[in-house]
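Report on one structure; see the data block that follows.
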Amino acid sequence: MFDSIGMAMNLFGLDVLSRVLHVGTAITLVGGSLFMAFVLLPSLSSVEDETRQALVQAVRGRWKRFVHGGIAIFLISGFYNYFRAMPKHEGDGLYHGMVGTKILLALVVFFFASALVGRSAVFEGWRQNPAPKLRVMIFLAVVIVIISGFLKIRGA
Ligand code: HEM
């Protein structure tokens, strides 16, 4: 009996950690993307071309670490949340449909974010003009947060 209490305590700690990491990553990455799309990039339109290029390069180099680290944390904590939530939602088609949609949308956002901080020549056009892609990512992220919030409040 003490063992099962101990086990529950351990998973409780992990559940909290996973949630904090997941939500903390969402705050950091979605907040950073909003800042870039609606504050940094518009403010740069009045900056001289050469300075702008240099600044954008430097920002991209630093932001890249957040994007790669964030994607890893999202995937690990997200799948952990998913496996913990599964037993509570057996046969719950709405839950699985919505979580599946959310995960697919998240993968699309990860792809866009990686392309924008990456080096592939194929996406150079995106990097030259990142604002439209950032807006799509932010829109998808809002949909993802709405789905996640709904599932959380709806419960088992
Ligand atoms: C753009 C990426 C993502 C964002 C912005 C995001 C955001 C969120 C938010 C805000 C919550 C609600 C947490 C709470 O209310 O406690 C959540 C829960 C969750 N997320 Fe994510 N997430 C993302 C990616 C992922 C990925 C890739 C997975 C799975 C691999 C995932 C799986 C889950 C699960 C299973 C839950 C719990 C849902 C429930 O309450 O039953 N998420 N996410």
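Ordering of the structure tokens sets the chain letters (A, B, ...), residue numbers begin anew at 1 in every chain, and ligands are numbered from 1 in the order given.
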
Practice item. For ligand 1, list the contacting residues at 7 Å or closer, counting only C-alpha atoms and all ligand atoms, as a list in words. Key: Arg19, His22, Val23, Ala26, Val30, Phe74, Leu75, Gly78, Phe79, Asn81, Tyr82, Ala85, Val99, Lys102, Ile103, Ala106, Leu107, Val109, Phe110, Ala141, Ile144, Val145, Ser148, Gly149, Leu151, Lys152 and Gly155 of chain A

Would you mind exporting N, CA and C atoms of the selected residues as a PDB file, in the first residue's frame?
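Saved to selection-v2.pdb:
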ATOM      1  N   ARG A  19       3.481  19.373 -16.960  1.00  0.00           N
ATOM      2  CA  ARG A  19       2.532  20.458 -17.246  1.00  0.00           C
ATOM      3  C   ARG A  19       3.232  21.813 -17.233  1.00  0.00           C
ATOM      4  N   HIS A  22       5.400  22.115 -20.268  1.00  0.00           N
ATOM      5  CA  HIS A  22       4.587  22.250 -21.484  1.00  0.00           C
ATOM      6  C   HIS A  22       4.007  23.659 -21.600  1.00  0.00           C
ATOM      7  N   VAL A  23       3.384  24.123 -20.522  1.00  0.00           N
ATOM      8  CA  VAL A  23       2.757  25.454 -20.571  1.00  0.00           C
ATOM      9  C   VAL A  23       3.836  26.548 -20.620  1.00  0.00           C
ATOM     10  N   ALA A  26       5.003  26.838 -24.102  1.00  0.00           N
ATOM     11  CA  ALA A  26       4.001  27.523 -24.937  1.00  0.00           C
ATOM     12  C   ALA A  26       4.080  29.038 -24.710  1.00  0.00           C
ATOM     13  N   VAL A  30       5.231  31.002 -28.026  1.00  0.00           N
ATOM     14  CA  VAL A  30       4.148  31.778 -28.639  1.00  0.00           C
ATOM     15  C   VAL A  30       4.370  33.272 -28.351  1.00  0.00           C
ATOM     16  N   PHE A  74       8.297  20.321 -25.892  1.00  0.00           N
ATOM     17  CA  PHE A  74       6.890  20.118 -26.269  1.00  0.00           C
ATOM     18  C   PHE A  74       6.612  18.645 -26.553  1.00  0.00           C
ATOM     19  N   LEU A  75       7.509  18.025 -27.334  1.00  0.00           N
ATOM     20  CA  LEU A  75       7.265  16.632 -27.738  1.00  0.00           C
ATOM     21  C   LEU A  75       7.327  15.700 -26.530  1.00  0.00           C
ATOM     22  N   GLY A  78       4.488  16.683 -24.083  1.00  0.00           N
ATOM     23  CA  GLY A  78       3.195  16.458 -24.751  1.00  0.00           C
ATOM     24  C   GLY A  78       2.845  14.984 -24.817  1.00  0.00           C
ATOM     25  N   PHE A  79       3.822  14.151 -25.211  1.00  0.00           N
ATOM     26  CA  PHE A  79       3.528  12.715 -25.284  1.00  0.00           C
ATOM     27  C   PHE A  79       3.345  12.143 -23.875  1.00  0.00           C
ATOM     28  N   ASN A  81       2.014  13.792 -21.341  1.00  0.00           N
ATOM     29  CA  ASN A  81       0.633  14.184 -20.995  1.00  0.00           C
ATOM     30  C   ASN A  81      -0.365  13.259 -21.683  1.00  0.00           C
ATOM     31  N   TYR A  82      -0.071  12.965 -22.944  1.00  0.00           N
ATOM     32  CA  TYR A  82      -0.987  12.147 -23.745  1.00  0.00           C
ATOM     33  C   TYR A  82      -1.122  10.732 -23.169  1.00  0.00           C
ATOM     34  N   ALA A  85      -3.079  10.832 -20.096  1.00  0.00           N
ATOM     35  CA  ALA A  85      -4.503  11.160 -20.278  1.00  0.00           C
ATOM     36  C   ALA A  85      -5.269   9.989 -20.909  1.00  0.00           C
ATOM     37  N   VAL A  99      -7.384  15.863 -29.786  1.00  0.00           N
ATOM     38  CA  VAL A  99      -5.954  15.806 -29.448  1.00  0.00           C
ATOM     39  C   VAL A  99      -5.132  15.479 -30.707  1.00  0.00           C
ATOM     40  N   LYS A 102      -4.862  18.548 -32.728  1.00  0.00           N
ATOM     41  CA  LYS A 102      -3.913  19.459 -32.071  1.00  0.00           C
ATOM     42  C   LYS A 102      -2.471  19.039 -32.349  1.00  0.00           C
ATOM     43  N   ILE A 103      -2.181  17.749 -32.230  1.00  0.00           N
ATOM     44  CA  ILE A 103      -0.801  17.280 -32.428  1.00  0.00           C
ATOM     45  C   ILE A 103      -0.366  17.526 -33.881  1.00  0.00           C
ATOM     46  N   ALA A 106       0.356  21.110 -34.288  1.00  0.00           N
ATOM     47  CA  ALA A 106       1.628  21.441 -33.628  1.00  0.00           C
ATOM     48  C   ALA A 106       2.797  21.049 -34.530  1.00  0.00           C
ATOM     49  N   LEU A 107       2.680  19.902 -35.210  1.00  0.00           N
ATOM     50  CA  LEU A 107       3.777  19.475 -36.092  1.00  0.00           C
ATOM     51  C   LEU A 107       3.951  20.470 -37.248  1.00  0.00           C
ATOM     52  N   VAL A 109       3.276  23.689 -37.065  1.00  0.00           N
ATOM     53  CA  VAL A 109       3.927  24.870 -36.463  1.00  0.00           C
ATOM     54  C   VAL A 109       5.429  24.601 -36.284  1.00  0.00           C
ATOM     55  N   PHE A 110       5.774  23.391 -35.827  1.00  0.00           N
ATOM     56  CA  PHE A 110       7.195  23.049 -35.623  1.00  0.00           C
ATOM     57  C   PHE A 110       7.952  23.127 -36.952  1.00  0.00           C
ATOM     58  N   ALA A 141      -1.210  28.415 -33.491  1.00  0.00           N
ATOM     59  CA  ALA A 141      -0.920  28.267 -32.061  1.00  0.00           C
ATOM     60  C   ALA A 141      -2.144  28.651 -31.238  1.00  0.00           C
ATOM     61  N   ILE A 144      -4.459  25.799 -31.375  1.00  0.00           N
ATOM     62  CA  ILE A 144      -3.924  24.724 -30.526  1.00  0.00           C
ATOM     63  C   ILE A 144      -4.219  24.994 -29.051  1.00  0.00           C
ATOM     64  N   VAL A 145      -4.020  26.232 -28.622  1.00  0.00           N
ATOM     65  CA  VAL A 145      -4.254  26.577 -27.210  1.00  0.00           C
ATOM     66  C   VAL A 145      -5.753  26.478 -26.886  1.00  0.00           C
ATOM     67  N   SER A 148      -6.521  22.752 -26.590  1.00  0.00           N
ATOM     68  CA  SER A 148      -5.929  22.214 -25.354  1.00  0.00           C
ATOM     69  C   SER A 148      -6.709  22.679 -24.129  1.00  0.00           C
ATOM     70  N   GLY A 149      -7.051  23.951 -24.102  1.00  0.00           N
ATOM     71  CA  GLY A 149      -7.795  24.506 -22.967  1.00  0.00           C
ATOM     72  C   GLY A 149      -9.162  23.852 -22.858  1.00  0.00           C
ATOM     73  N   LEU A 151     -10.043  20.840 -23.930  1.00  0.00           N
ATOM     74  CA  LEU A 151      -9.903  19.445 -23.481  1.00  0.00           C
ATOM     75  C   LEU A 151      -9.632  19.375 -21.981  1.00  0.00           C
ATOM     76  N   LYS A 152      -8.834  20.323 -21.510  1.00  0.00           N
ATOM     77  CA  LYS A 152      -8.487  20.340 -20.090  1.00  0.00           C
ATOM     78  C   LYS A 152      -9.733  20.617 -19.235  1.00  0.00           C
ATOM     79  N   GLY A 155     -12.495  17.832 -19.237  1.00  0.00           N
ATOM     80  CA  GLY A 155     -12.172  16.741 -18.320  1.00  0.00           C
ATOM     81  C   GLY A 155     -12.441  15.372 -18.912  1.00  0.00           C
TER      82      GLY A 155
END

Non-local contacts of A:Met86 (10 Å; only C-alpha atoms; under 5 positions in same chain excluded) as a CSV table (one decimal) with N, CA and C atoms, in the first residue's frame:
chain,number,residue,atom,x,y,z
A,81,ASN,N,2.0,13.8,-21.3
A,81,ASN,CA,0.6,14.2,-21.0
A,81,ASN,C,-0.4,13.3,-21.7
A,91,GLY,N,-12.3,5.2,-25.5
A,91,GLY,CA,-13.6,5.2,-26.3
A,91,GLY,C,-14.1,6.6,-26.4
A,92,ASP,N,-13.3,7.6,-26.0
A,92,ASP,CA,-13.8,9.0,-26.1
A,92,ASP,C,-13.3,9.6,-27.4
A,95,TYR,N,-12.4,13.4,-27.7
A,95,TYR,CA,-11.0,13.7,-27.1
A,95,TYR,C,-9.9,13.3,-28.1
A,96,HIS,N,-10.0,12.1,-28.6
A,96,HIS,CA,-8.9,11.6,-29.5
A,96,HIS,C,-8.8,12.4,-30.8
A,156,ALA,N,-12.4,14.4,-18.0
A,156,ALA,CA,-12.5,13.0,-18.5
A,156,ALA,C,-14.0,12.7,-18.9

Exercise for review: Name the closest residue to A:Leu34 among the candidates A:Lys133, A:His68, A:Arg154, A:Arg127; distances are taken between atoms, counting only C-alpha atoms.
Suggested key: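 Among the listed residues, A:Lys133 lies closest to A:Leu34.
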
Practice item. Work out how far apart atom CA of A:Phe139 and atom CA of A:Ala37 are and give it in Å to one decimal. Key: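 A separation of 11.6 Å between them.
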
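Between atom CA of A:Ile138 and atom CA of A:Thr28 lies a distance of 12.7 Å.
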
Distance query A:Asn129 at most 12 Å, only C-alpha atoms, self and fewer than 5 positions along chain excluded, as a short mmCIF file (atom, residue, chain, number, x, y, z; two decimals) with C-alpha atoms, in the first residue's frame:
data_model
loop_
_atom_site.label_atom_id
_atom_site.label_comp_id
_atom_site.auth_asym_id
_atom_site.auth_seq_id
_atom_site.Cartn_x
_atom_site.Cartn_y
_atom_site.Cartn_z
CA ALA A 37 5.57 39.41 -35.76
CA LEU A 41 9.67 43.11 -37.52
CA PRO A 42 7.39 46.17 -37.96
CA SER A 45 11.02 48.63 -41.39
CA GLN A 53 20.10 42.25 -42.11
CA VAL A 56 17.82 39.76 -38.13
CA LEU A 116 12.42 30.03 -40.34
CA PHE A 123 13.24 28.20 -47.37
CA GLU A 124 15.44 31.25 -48.00
CA LEU A 134 4.82 33.96 -38.44
CA ARG A 135 1.19 35.08 -38.65
#

Can you list every residue in chain A that DSSP puts in alpha helix (DSSP H), as a PDB file with C-alpha atoms, in the first residue's frame?
ATOM      1  CA  PHE A   2       2.781   2.392   0.927  1.00  0.00           C
ATOM      2  CA  ASP A   3       4.369   1.494  -2.372  1.00  0.00           C
ATOM      3  CA  SER A   4       1.345   2.537  -4.367  1.00  0.00           C
ATOM      4  CA  ILE A   5       1.116   5.801  -2.421  1.00  0.00           C
ATOM      5  CA  GLY A   6       4.796   6.366  -3.180  1.00  0.00           C
ATOM      6  CA  MET A   7       4.191   5.599  -6.863  1.00  0.00           C
ATOM      7  CA  ALA A   8       1.260   8.023  -7.018  1.00  0.00           C
ATOM      8  CA  MET A   9       3.380  10.720  -5.370  1.00  0.00           C
ATOM      9  CA  ASN A  10       6.150  10.199  -7.900  1.00  0.00           C
ATOM     10  CA  LEU A  11       3.788  10.436 -10.843  1.00  0.00           C
ATOM     11  CA  PHE A  12       2.148  13.464  -9.249  1.00  0.00           C
ATOM     12  CA  GLY A  13       5.527  15.194  -9.251  1.00  0.00           C
ATOM     13  CA  LEU A  14       6.172  14.196 -12.862  1.00  0.00           C
ATOM     14  CA  ASP A  15       2.665  15.261 -13.927  1.00  0.00           C
ATOM     15  CA  VAL A  16       3.207  18.709 -12.438  1.00  0.00           C
ATOM     16  CA  LEU A  17       6.687  18.990 -13.958  1.00  0.00           C
ATOM     17  CA  SER A  18       5.410  17.957 -17.385  1.00  0.00           C
ATOM     18  CA  ARG A  19       2.532  20.458 -17.246  1.00  0.00           C
ATOM     19  CA  VAL A  20       4.777  23.303 -16.086  1.00  0.00           C
ATOM     20  CA  LEU A  21       7.317  22.572 -18.831  1.00  0.00           C
ATOM     21  CA  HIS A  22       4.587  22.250 -21.484  1.00  0.00           C
ATOM     22  CA  VAL A  23       2.757  25.454 -20.571  1.00  0.00           C
ATOM     23  CA  GLY A  24       6.024  27.318 -19.893  1.00  0.00           C
ATOM     24  CA  THR A  25       7.286  26.381 -23.364  1.00  0.00           C
ATOM     25  CA  ALA A  26       4.001  27.523 -24.937  1.00  0.00           C
ATOM     26  CA  ILE A  27       4.273  30.877 -23.148  1.00  0.00           C
ATOM     27  CA  THR A  28       7.896  31.325 -24.239  1.00  0.00           C
ATOM     28  CA  LEU A  29       7.559  30.299 -27.890  1.00  0.00           C
ATOM     29  CA  VAL A  30       4.148  31.778 -28.639  1.00  0.00           C
ATOM     30  CA  GLY A  31       5.079  34.978 -26.774  1.00  0.00           C
ATOM     31  CA  GLY A  32       8.381  35.252 -28.644  1.00  0.00           C
ATOM     32  CA  SER A  33       6.654  34.724 -31.999  1.00  0.00           C
ATOM     33  CA  LEU A  34       4.032  37.369 -31.199  1.00  0.00           C
ATOM     34  CA  PHE A  35       6.778  39.802 -30.225  1.00  0.00           C
ATOM     35  CA  LEU A  41       9.667  43.113 -37.524  1.00  0.00           C
ATOM     36  CA  PRO A  42       7.390  46.168 -37.964  1.00  0.00           C
ATOM     37  CA  SER A  43       9.874  48.293 -35.983  1.00  0.00           C
ATOM     38  CA  LEU A  44      12.690  47.199 -38.294  1.00  0.00           C
ATOM     39  CA  ASP A  49      19.011  47.714 -44.872  1.00  0.00           C
ATOM     40  CA  GLU A  50      22.493  46.648 -43.776  1.00  0.00           C
ATOM     41  CA  THR A  51      21.818  47.078 -40.053  1.00  0.00           C
ATOM     42  CA  ARG A  52      18.499  45.274 -40.412  1.00  0.00           C
ATOM     43  CA  GLN A  53      20.105  42.254 -42.111  1.00  0.00           C
ATOM     44  CA  ALA A  54      22.742  42.013 -39.368  1.00  0.00           C
ATOM     45  CA  LEU A  55      20.181  42.329 -36.592  1.00  0.00           C
ATOM     46  CA  VAL A  56      17.815  39.764 -38.135  1.00  0.00           C
ATOM     47  CA  GLN A  57      20.748  37.318 -38.469  1.00  0.00           C
ATOM     48  CA  ALA A  58      21.725  37.787 -34.821  1.00  0.00           C
ATOM     49  CA  VAL A  59      18.135  37.432 -33.592  1.00  0.00           C
ATOM     50  CA  ARG A  60      17.653  34.270 -35.668  1.00  0.00           C
ATOM     51  CA  GLY A  61      20.846  32.715 -34.279  1.00  0.00           C
ATOM     52  CA  ARG A  62      19.690  33.223 -30.695  1.00  0.00           C
ATOM     53  CA  TRP A  63      16.012  32.389 -31.262  1.00  0.00           C
ATOM     54  CA  LYS A  64      17.003  29.131 -32.971  1.00  0.00           C
ATOM     55  CA  ARG A  65      18.113  27.672 -29.604  1.00  0.00           C
ATOM     56  CA  PHE A  66      14.726  28.455 -28.085  1.00  0.00           C
ATOM     57  CA  VAL A  67      12.916  26.899 -31.051  1.00  0.00           C
ATOM     58  CA  HIS A  68      14.914  23.654 -31.039  1.00  0.00           C
ATOM     59  CA  GLY A  69      14.876  23.292 -27.244  1.00  0.00           C
ATOM     60  CA  GLY A  70      11.186  24.197 -27.122  1.00  0.00           C
ATOM     61  CA  ILE A  71      10.192  21.625 -29.760  1.00  0.00           C
ATOM     62  CA  ALA A  72      12.024  18.915 -27.815  1.00  0.00           C
ATOM     63  CA  ILE A  73      10.294  19.895 -24.538  1.00  0.00           C
ATOM     64  CA  PHE A  74       6.890  20.118 -26.269  1.00  0.00           C
ATOM     65  CA  LEU A  75       7.265  16.632 -27.738  1.00  0.00           C
ATOM     66  CA  ILE A  76       8.510  14.971 -24.535  1.00  0.00           C
ATOM     67  CA  SER A  77       6.023  16.670 -22.177  1.00  0.00           C
ATOM     68  CA  GLY A  78       3.195  16.458 -24.751  1.00  0.00           C
ATOM     69  CA  PHE A  79       3.528  12.715 -25.284  1.00  0.00           C
ATOM     70  CA  TYR A  80       3.901  12.220 -21.538  1.00  0.00           C
ATOM     71  CA  ASN A  81       0.633  14.184 -20.995  1.00  0.00           C
ATOM     72  CA  TYR A  82      -0.987  12.147 -23.745  1.00  0.00           C
ATOM     73  CA  PHE A  83      -0.027   8.772 -22.306  1.00  0.00           C
ATOM     74  CA  ARG A  84      -1.196   9.869 -18.867  1.00  0.00           C
ATOM     75  CA  ALA A  85      -4.503  11.160 -20.278  1.00  0.00           C
ATOM     76  CA  GLY A  93     -13.816   9.828 -29.823  1.00  0.00           C
ATOM     77  CA  LEU A  94     -14.107  13.589 -29.362  1.00  0.00           C
ATOM     78  CA  TYR A  95     -11.032  13.663 -27.100  1.00  0.00           C
ATOM     79  CA  HIS A  96      -8.887  11.602 -29.457  1.00  0.00           C
ATOM     80  CA  GLY A  97     -10.078  13.470 -32.535  1.00  0.00           C
ATOM     81  CA  MET A  98      -9.292  16.826 -30.979  1.00  0.00           C
ATOM     82  CA  VAL A  99      -5.954  15.806 -29.448  1.00  0.00           C
ATOM     83  CA  GLY A 100      -4.962  14.220 -32.789  1.00  0.00           C
ATOM     84  CA  THR A 101      -5.851  17.433 -34.633  1.00  0.00           C
ATOM     85  CA  LYS A 102      -3.913  19.459 -32.071  1.00  0.00           C
ATOM     86  CA  ILE A 103      -0.801  17.280 -32.428  1.00  0.00           C
ATOM     87  CA  LEU A 104      -0.930  17.506 -36.233  1.00  0.00           C
ATOM     88  CA  LEU A 105      -1.291  21.302 -36.088  1.00  0.00           C
ATOM     89  CA  ALA A 106       1.628  21.441 -33.628  1.00  0.00           C
ATOM     90  CA  LEU A 107       3.777  19.475 -36.092  1.00  0.00           C
ATOM     91  CA  VAL A 108       2.917  22.019 -38.814  1.00  0.00           C
ATOM     92  CA  VAL A 109       3.927  24.870 -36.463  1.00  0.00           C
ATOM     93  CA  PHE A 110       7.195  23.049 -35.623  1.00  0.00           C
ATOM     94  CA  PHE A 111       7.930  22.684 -39.328  1.00  0.00           C
ATOM     95  CA  PHE A 112       7.363  26.400 -40.023  1.00  0.00           C
ATOM     96  CA  ALA A 113       9.385  27.441 -36.970  1.00  0.00           C
ATOM     97  CA  SER A 114      12.299  25.147 -37.921  1.00  0.00           C
ATOM     98  CA  ALA A 115      12.314  26.389 -41.511  1.00  0.00           C
ATOM     99  CA  LEU A 116      12.418  30.026 -40.337  1.00  0.00           C
ATOM    100  CA  VAL A 117      15.466  29.482 -38.101  1.00  0.00           C
ATOM    101  CA  GLU A 124      15.436  31.246 -47.996  1.00  0.00           C
ATOM    102  CA  GLY A 125      12.370  33.002 -49.452  1.00  0.00           C
ATOM    103  CA  TRP A 126      10.486  32.427 -46.181  1.00  0.00           C
ATOM    104  CA  ARG A 127      13.390  33.841 -44.185  1.00  0.00           C
ATOM    105  CA  GLN A 128      13.595  36.929 -46.404  1.00  0.00           C
ATOM    106  CA  ALA A 131       6.048  37.938 -41.268  1.00  0.00           C
ATOM    107  CA  PRO A 132       3.338  36.041 -43.238  1.00  0.00           C
ATOM    108  CA  LYS A 133       4.614  32.662 -42.006  1.00  0.00           C
ATOM    109  CA  LEU A 134       4.821  33.957 -38.438  1.00  0.00           C
ATOM    110  CA  ARG A 135       1.193  35.083 -38.647  1.00  0.00           C
ATOM    111  CA  VAL A 136       0.096  31.623 -39.853  1.00  0.00           C
ATOM    112  CA  MET A 137       2.059  30.043 -36.977  1.00  0.00           C
ATOM    113  CA  ILE A 138       0.466  32.366 -34.431  1.00  0.00           C
ATOM    114  CA  PHE A 139      -3.006  31.628 -35.778  1.00  0.00           C
ATOM    115  CA  LEU A 140      -2.380  27.868 -35.564  1.00  0.00           C
ATOM    116  CA  ALA A 141      -0.920  28.267 -32.061  1.00  0.00           C
ATOM    117  CA  VAL A 142      -4.087  30.082 -30.943  1.00  0.00           C
ATOM    118  CA  VAL A 143      -6.217  27.211 -32.330  1.00  0.00           C
ATOM    119  CA  ILE A 144      -3.924  24.724 -30.526  1.00  0.00           C
ATOM    120  CA  VAL A 145      -4.254  26.577 -27.210  1.00  0.00           C
ATOM    121  CA  ILE A 146      -8.062  26.748 -27.614  1.00  0.00           C
ATOM    122  CA  ILE A 147      -8.266  22.976 -28.298  1.00  0.00           C
ATOM    123  CA  SER A 148      -5.929  22.214 -25.354  1.00  0.00           C
ATOM    124  CA  GLY A 149      -7.795  24.506 -22.967  1.00  0.00           C
ATOM    125  CA  PHE A 150     -11.147  23.010 -24.033  1.00  0.00           C
ATOM    126  CA  LEU A 151      -9.903  19.445 -23.481  1.00  0.00           C
ATOM    127  CA  LYS A 152      -8.487  20.340 -20.090  1.00  0.00           C
ATOM    128  CA  ILE A 153     -11.686  22.003 -18.848  1.00  0.00           C
ATOM    129  CA  ARG A 154     -13.969  19.383 -20.402  1.00  0.00           C
TER     130      ARG A 154
END
